[in-house]
$ cat run07.csv   # CSV, C-alpha atoms and all ligand atoms
chain,number,residue,atom,x,y,z
A,83,MET,CA,0.0,0.0,0.0
A,84,GLU,CA,1.2,3.5,-0.9
A,85,ASN,CA,2.1,5.9,2.0
A,86,ILE,CA,0.4,9.3,1.8
A,87,LEU,CA,2.4,10.6,4.7
A,88,GLU,CA,5.9,9.6,6.0
A,89,VAL,CA,7.4,11.1,9.1
A,90,LYS,CA,11.1,10.6,9.6
A,91,ASN,CA,13.0,11.2,12.8
A,92,LEU,CA,10.9,14.2,13.7
A,93,PHE,CA,11.7,16.4,16.7
A,94,TYR,CA,9.9,19.5,18.1
A,95,GLN,CA,11.3,21.7,20.7
A,96,ALA,CA,9.8,24.9,22.2
A,97,ASP,CA,12.0,27.0,24.4
A,98,GLU,CA,13.9,24.3,26.4
A,99,GLN,CA,11.1,21.8,26.3
A,100,LYS,CA,11.5,18.7,24.0
A,101,ILE,CA,7.9,18.2,23.0
A,102,LEU,CA,8.3,15.5,20.3
A,103,LYS,CA,11.3,13.1,20.2
A,104,ASP,CA,12.3,11.1,17.2
A,105,ILE,CA,8.9,10.3,15.7
A,106,THR,CA,9.0,8.0,12.7
A,107,LEU,CA,5.8,6.7,11.2
A,108,ASN,CA,4.1,5.9,7.9
A,109,ILE,CA,0.5,6.6,7.1
A,110,GLU,CA,-1.0,4.5,4.3
A,111,LYS,CA,-3.3,6.1,1.8
A,112,GLY,CA,-6.9,5.5,2.8
A,113,SER,CA,-6.1,4.3,6.3
A,114,TYR,CA,-7.8,5.5,9.5
A,115,VAL,CA,-5.3,6.0,12.3
A,116,THR,CA,-6.2,6.9,15.9
A,117,PHE,CA,-3.7,8.8,18.0
A,118,ILE,CA,-4.0,8.3,21.8
A,119,GLY,CA,-2.0,9.2,24.9
A,120,PRO,CA,-2.1,11.3,28.0
A,121,SER,CA,-2.9,15.0,28.0
A,122,GLY,CA,0.2,17.1,27.2
A,123,SER,CA,2.0,14.1,25.5
A,124,GLY,CA,2.3,16.0,22.1
A,125,LYS,CA,-0.5,14.7,20.0
A,126,SER,CA,-1.8,18.1,18.9
A,127,THR,CA,1.7,19.3,18.3
A,128,LEU,CA,2.3,16.4,16.0
A,129,MET,CA,-1.0,17.0,14.2
A,130,ARG,CA,-0.1,20.7,13.8
A,131,ILE,CA,3.2,19.8,12.2
A,132,LEU,CA,1.5,17.3,9.8
A,133,ALA,CA,-1.0,20.0,8.9
A,134,ASP,CA,1.9,22.4,8.2
A,135,MET,CA,0.7,24.9,10.7
A,136,ILE,CA,4.0,24.8,12.6
A,137,ASN,CA,7.5,23.5,11.5
A,138,ALA,CA,9.4,20.6,13.1
A,139,SER,CA,12.7,21.5,14.7
A,140,SER,CA,14.3,18.7,12.8
A,141,GLY,CA,13.3,15.6,10.8
A,142,GLU,CA,11.1,15.3,7.7
A,143,VAL,CA,7.5,15.1,6.7
A,144,ILE,CA,6.8,13.7,3.2
A,145,PHE,CA,3.4,14.1,1.8
A,146,ASP,CA,2.5,12.3,-1.5
A,147,GLY,CA,6.2,11.8,-2.3
A,148,LYS,CA,7.4,15.4,-1.6
A,149,ASN,CA,8.6,17.2,1.5
A,150,ILE,CA,5.7,19.3,2.9
A,151,ASN,CA,7.9,22.4,2.7
A,152,GLU,CA,7.9,22.1,-1.1
A,153,TYR,CA,4.1,22.7,-1.3
A,154,GLU,CA,2.3,26.0,-1.5
A,155,PRO,CA,0.7,26.3,1.9
A,156,THR,CA,-2.7,27.1,0.4
A,157,GLU,CA,-2.5,24.0,-1.8
A,158,TYR,CA,-1.3,21.8,1.1
A,159,ARG,CA,-4.1,23.0,3.4
A,160,GLN,CA,-6.7,22.0,0.8
A,161,ARG,CA,-5.2,18.5,0.5
A,162,VAL,CA,-4.5,18.0,4.2
A,163,SER,CA,-7.2,19.6,6.4
A,164,TYR,CA,-6.9,20.0,10.1
A,165,ALA,CA,-10.0,20.2,12.3
A,166,PHE,CA,-8.9,22.0,15.4
A,167,GLN,CA,-9.3,21.0,19.0
A,168,GLN,CA,-11.6,23.7,20.5
A,169,PRO,CA,-12.4,25.5,17.2
A,170,THR,CA,-13.5,29.1,17.0
A,171,LEU,CA,-15.8,30.6,14.5
A,172,PHE,CA,-14.7,33.8,12.9
A,173,GLY,CA,-16.6,36.8,11.3
A,174,LYS,CA,-20.2,37.6,12.2
A,175,THR,CA,-22.3,34.8,10.9
A,176,VAL,CA,-22.2,31.1,10.4
A,177,LYS,CA,-22.3,31.9,6.7
A,178,ASP,CA,-18.9,33.8,7.0
A,179,ASN,CA,-17.4,30.5,8.1
A,180,LEU,CA,-19.0,28.2,5.6
A,181,GLU,CA,-18.4,30.6,2.8
A,182,PHE,CA,-14.7,30.6,3.5
A,183,PRO,CA,-13.9,27.3,1.8
A,184,TYR,CA,-15.6,28.6,-1.4
A,185,LEU,CA,-13.7,32.0,-1.2
A,186,VAL,CA,-10.3,30.4,-1.0
A,187,ARG,CA,-11.1,28.4,-4.1
A,188,ASN,CA,-12.6,31.4,-6.0
A,189,LYS,CA,-16.0,29.7,-6.0
A,190,GLU,CA,-19.4,31.0,-5.3
A,191,PHE,CA,-21.2,30.0,-2.1
A,192,ASP,CA,-23.6,27.2,-2.8
A,193,ARG,CA,-26.5,27.5,-0.3
A,194,THR,CA,-28.1,24.2,-1.3
A,195,GLU,CA,-24.9,22.3,-1.0
A,196,VAL,CA,-24.1,23.9,2.4
A,197,SER,CA,-27.6,23.0,3.6
A,198,LYS,CA,-27.0,19.4,2.7
A,199,TYR,CA,-23.8,19.4,4.8
A,200,LEU,CA,-25.5,21.1,7.7
A,201,GLU,CA,-28.1,18.4,7.6
A,202,MET,CA,-25.3,15.8,7.8
A,203,VAL,CA,-24.3,17.1,11.2
A,204,ASN,CA,-27.9,17.5,12.4
A,205,LEU,CA,-28.3,21.2,11.8
A,206,SER,CA,-30.9,22.9,9.7
A,207,GLU,CA,-30.4,25.4,6.8
A,208,SER,CA,-31.5,28.3,9.1
A,209,TYR,CA,-28.1,28.1,10.9
A,210,ILE,CA,-26.5,29.7,7.8
A,211,ASP,CA,-27.8,33.2,8.8
A,212,LYS,CA,-27.3,32.9,12.5
A,213,SER,CA,-24.8,35.1,14.4
A,214,VAL,CA,-21.7,33.2,15.6
A,215,ASN,CA,-22.7,34.4,19.1
A,216,ASP,CA,-26.0,32.6,19.0
A,217,VAL,CA,-24.7,29.0,18.4
A,218,SER,CA,-23.9,26.6,21.2
A,219,GLY,CA,-20.4,25.1,21.8
A,220,GLY,CA,-21.4,21.8,20.3
A,221,GLU,CA,-23.0,23.4,17.3
A,222,LYS,CA,-19.9,25.5,16.8
A,223,GLN,CA,-17.8,22.4,16.7
A,224,ARG,CA,-19.9,20.8,14.0
A,225,ILE,CA,-20.0,24.0,11.9
A,226,ALA,CA,-16.2,24.3,12.2
A,227,LEU,CA,-15.8,20.7,11.0
A,228,LEU,CA,-17.9,21.4,7.9
A,229,ARG,CA,-15.2,24.0,6.9
A,230,ASN,CA,-12.9,21.0,6.6
A,231,LEU,CA,-15.4,18.8,4.7
A,232,ILE,CA,-17.3,20.9,2.2
A,233,PHE,CA,-14.4,20.4,-0.2
A,234,GLN,CA,-13.1,16.9,0.4
A,235,PRO,CA,-9.4,16.8,1.5
A,236,GLU,CA,-7.1,13.8,0.9
A,237,VAL,CA,-6.2,13.7,4.5
A,238,LEU,CA,-8.5,14.8,7.3
A,239,ILE,CA,-6.9,15.4,10.7
A,240,THR,CA,-9.5,15.5,13.5
A,241,ASP,CA,-8.2,16.7,16.9
A,242,GLU,CA,-10.7,15.7,19.6
A,243,VAL,CA,-13.7,16.9,17.5
A,244,THR,CA,-16.3,14.9,19.3
A,245,THR,CA,-15.2,16.1,22.8
A,246,GLY,CA,-18.1,17.8,24.6
A,247,LEU,CA,-20.8,16.6,22.2
A,248,ASP,CA,-23.7,14.7,23.5
A,249,ALA,CA,-24.0,11.0,22.6
A,250,ASP,CA,-26.2,11.5,19.6
A,251,ASN,CA,-24.1,14.2,18.1
A,252,LYS,CA,-20.9,12.2,18.8
A,253,THR,CA,-22.4,9.3,16.8
A,254,ILE,CA,-23.4,11.7,13.9
A,255,VAL,CA,-20.0,13.2,13.7
A,256,ARG,CA,-18.2,9.9,14.0
A,257,ASN,CA,-20.4,8.3,11.3
A,258,LEU,CA,-19.8,11.2,9.0
A,259,ILE,CA,-16.0,11.0,9.3
A,260,ASP,CA,-16.2,7.2,8.9
A,261,LYS,CA,-18.2,7.6,5.7
A,262,PHE,CA,-15.6,10.0,4.3
A,263,ASN,CA,-13.0,7.3,5.0
A,264,HIS,CA,-14.9,4.2,3.8
A,265,ASP,CA,-16.8,5.6,0.9
A,266,ASN,CA,-14.5,8.3,-0.4
A,267,GLY,CA,-11.1,7.0,0.6
A,268,VAL,CA,-10.1,10.0,2.7
A,269,THR,CA,-7.2,9.2,5.0
A,270,VAL,CA,-8.2,10.1,8.5
A,271,LEU,CA,-5.9,10.9,11.4
A,272,ARG,CA,-7.9,11.1,14.6
A,273,VAL,CA,-6.8,12.3,18.0
A,274,THR,CA,-9.2,11.2,20.8
A,275,HIS,CA,-9.5,10.4,24.5
A,276,ASP,CA,-12.9,8.8,23.9
A,277,ASP,CA,-13.1,5.2,25.2
A,278,ALA,CA,-15.6,4.0,22.6
A,279,GLU,CA,-13.6,5.6,19.7
A,280,ILE,CA,-10.4,3.9,21.0
A,281,ALA,CA,-12.1,0.6,21.4
A,282,SER,CA,-13.4,0.6,17.9
A,283,ALA,CA,-10.2,1.9,16.3
A,284,SER,CA,-8.6,-0.2,13.6
A,285,LYS,CA,-5.1,1.2,14.1
A,286,THR,CA,-3.8,3.2,17.1
A,287,ILE,CA,-0.6,5.0,17.7
A,288,ARG,CA,0.2,5.9,21.3
A,289,ILE,CA,2.2,9.1,22.1
A,290,GLU,CA,3.6,9.3,25.6
A,291,ASN,CA,5.9,12.1,26.8
A,292,GLY,CA,6.6,13.1,23.2
A,293,GLU,CA,7.6,9.6,22.1
A,294,MET,CA,5.8,6.8,20.2
A,295,LYS,CA,5.1,3.9,22.4
A,301,LIG,N1,4.4,26.6,21.3
A,301,LIG,C1,4.6,26.0,22.5
A,301,LIG,N2,5.4,26.5,23.4
A,301,LIG,C2,5.7,25.9,24.6
A,301,LIG,N3,5.1,24.7,24.9
A,301,LIG,C3,4.3,24.1,24.0
A,301,LIG,C4,3.9,24.7,22.8
A,301,LIG,N4,3.0,24.0,22.2
A,301,LIG,C5,2.8,22.9,23.0
A,301,LIG,N5,3.5,23.0,24.1
A,301,LIG,C6,3.6,22.0,25.2
A,301,LIG,O1,3.8,20.8,24.6
A,301,LIG,C7,3.2,19.7,25.3
A,301,LIG,C8,2.3,18.9,24.3
A,301,LIG,O2,1.2,19.7,24.0
A,301,LIG,P1,0.0,19.1,23.0
A,301,LIG,O3,-1.0,20.2,22.9
A,301,LIG,O4,0.7,18.6,21.8
A,301,LIG,O5,-0.5,17.9,23.9
A,301,LIG,P2,-1.7,16.9,23.6
A,301,LIG,O6,-1.2,15.5,23.6
A,301,LIG,O7,-2.5,17.3,22.4
A,301,LIG,O8,-2.6,17.1,24.9
A,301,LIG,P3,-4.3,17.1,25.1
A,301,LIG,O9,-4.6,15.6,25.1
A,301,LIG,O10,-4.5,17.7,26.4
A,301,LIG,O11,-4.9,17.8,24.0
A,301,LIG,C9,2.5,20.4,26.4
A,301,LIG,O12,3.3,20.3,27.6
A,301,LIG,C10,2.3,21.8,26.0
A,301,LIG,O13,2.3,22.7,27.1
A,302,MG,MG,-4.4,18.1,22.1

$ encode --input "run07.csv" --output "structure tokens" --more "lines below"
Ligand SMILES: Nc1ncnc2c1ncn2[C@@H]1O[C@H](COP(=O)(O)OP(=O)(O)OP(=O)(O)O)[C@@H](O)[C@H]1O
Ligand SMILES: [Mg+2]
Amino acid sequence: MENILEVKNLFYQADEQKILKDITLNIEKGSYVTFIGPSGSGKSTLMRILADMINASSGEVIFDGKNINEYEPTEYRQRVSYAFQQPTLFGKTVKDNLEFPYLVRNKEFDRTEVSKYLEMVNLSESYIDKSVNDVSGGEKQRIALLRNLIFQPEVLITDEVTTGLDADNKTIVRNLIDKFNHDNGVTVLRVTHDDAEIASASKTIRIENGEMK
């Protein structure tokens, strides 16, 4: 199987603290990999490096055969999409957020398409015109995730995106991400502390104190 991502001897240091130490791993195209490990162990830091939001101190990340530094950041972010831990909505309305993926691609906002995506995460079309101040934390999380999904990436990185959702909405979000992986072949890297998600994971990688265990 072809590797979509290859991480080689990656280190990350901030100030004096060694946050990631000698991480080497391969991610197969189309796979679904779950990253687990204690709080503060370096999972989000690793995901931010893979998403090209921060640079490793040393080591390499190869995406689709090329070092990630060789890609245009805008192209890379469309191909490898990072759904943040504790996302925020920007602008004034939900529309400002869901329009953004269209704007960066020079495309026109498609209300019908967006409504369809909102429905997939259990939200109605009326949310489009809501103020960002009038949506709940869990609604905000689901809206933020749609920014990553409206245009399908090749790699989707989800960083604790179901944390804080109720059981029904956890299932909805989980099933949606599973569907992108199963039906569309999107490679998924998921960070989670959720026991049910860990129990049902097909492949897990444990990060402990900045190291792979
Ligand atoms: N830019 C930074 N400067 C200094 N320390 C940082 C920086 N970024 C992360 N850290 C530290 O690196 C460690 C790893 O943080 P990280 O967010 O990757 O953990 P995590 O495994 O995602 O934890 P959680 O499960 O709580 O989300 C923590 O000790 C954190 O305080
Ligand atoms: Mg984290």

$ closest_atom_pairs --input "run07.csv" --of "chain A" --to "ligand MG 302 (chain A)" --cutoff "7 Å" --atoms "all atoms listed in the file" --output "tab-separated table"
residue	atom	partner	partner_atom	distance
A:Ser121	CA	A:MG302	MG	6.8
A:Gly122	CA	A:MG302	MG	6.9
A:Lys125	CA	A:MG302	MG	5.6
A:Ser126	CA	A:MG302	MG	4.1
A:Gln167	CA	A:MG302	MG	6.5
A:Asp241	CA	A:MG302	MG	6.6

$ residues_near_ligand --input "run07.csv" --ligand "ligand LIG 301 (chain A)" --cutoff "7 Å" --atoms "all atoms listed in the file" --output "list in words"
Ala96, Asp97, Gln99, Ile101, Gly119, Pro120, Ser121, Gly122, Ser123, Gly124, Lys125, Ser126, Thr127 and Leu128 of chain A

$ closest_residue --input "run07.csv" --among "A:Ile232, A:Val162, A:Ile289, A:Leu171" --to "Glu195 (chain A)" --atoms "only C-alpha atoms"
A:Ile232

$ atom_distance --input "run07.csv" --atom1 "CA of Val273 (chain A)" --atom2 "CA of Lys174 (chain A)"
29.2 Å

$ residues_around --input "run07.csv" --residues "region 254-262 of chain A" --least-positions-apart "2" --cutoff "10 Å" --atoms "all atoms listed in the file" --output "short mmCIF file (atom, residue, chain, number, x, y, z; two decimals) with C-alpha atoms, in the frame of the given file"
data_model
loop_
_atom_site.label_atom_id
_atom_site.label_comp_id
_atom_site.auth_asym_id
_atom_site.auth_seq_id
_atom_site.Cartn_x
_atom_site.Cartn_y
_atom_site.Cartn_z
CA GLY A 112 -6.90 5.50 2.80
CA TYR A 114 -7.80 5.50 9.50
CA MET A 202 -25.30 15.80 7.80
CA VAL A 203 -24.30 17.10 11.20
CA ASN A 204 -27.90 17.50 12.40
CA GLN A 223 -17.80 22.40 16.70
CA ARG A 224 -19.90 20.80 14.00
CA LEU A 227 -15.80 20.70 11.00
CA LEU A 231 -15.40 18.80 4.70
CA GLN A 234 -13.10 16.90 0.40
CA PRO A 235 -9.40 16.80 1.50
CA GLU A 236 -7.10 13.80 0.90
CA LEU A 238 -8.50 14.80 7.30
CA THR A 240 -9.50 15.50 13.50
CA VAL A 243 -13.70 16.90 17.50
CA THR A 244 -16.30 14.90 19.30
CA LEU A 247 -20.80 16.60 22.20
CA ALA A 249 -24.00 11.00 22.60
CA ASP A 250 -26.20 11.50 19.60
CA ASN A 251 -24.10 14.20 18.10
CA LYS A 252 -20.90 12.20 18.80
CA HIS A 264 -14.90 4.20 3.80
CA ASP A 265 -16.80 5.60 0.90
CA ASN A 266 -14.50 8.30 -0.40
CA GLY A 267 -11.10 7.00 0.60
CA VAL A 268 -10.10 10.00 2.70
CA THR A 269 -7.20 9.20 5.00
CA VAL A 270 -8.20 10.10 8.50
CA ARG A 272 -7.90 11.10 14.60
CA GLU A 279 -13.60 5.60 19.70
#

$ closest_residue --input "run07.csv" --among "A:Thr116, A:Ser213, A:Thr106, A:Gln160" --to "Ser140 (chain A)" --atoms "all atoms listed in the file"
A:Thr106

$ atom_distance --input "run07.csv" --atom1 "CA of Lys103 (chain A)" --atom2 "CA of Glu293 (chain A)"
5.4 Å

$ atom_distance --input "run07.csv" --atom1 "CA of Val196 (chain A)" --atom2 "CA of Lys222 (chain A)"
15.1 Å

$ closest_residue --input "run07.csv" --among "A:Ala133, A:Leu180, A:Leu205, A:Val143" --to "Glu157 (chain A)" --atoms "all atoms listed in the file"
A:Ala133

$ residues_around --input "run07.csv" --residues "Met83 (chain A)" --least-positions-apart "3" --cutoff "10 Å" --atoms "only C-alpha atoms" --output "ChimeraX atom specification"
/A:86,109-113
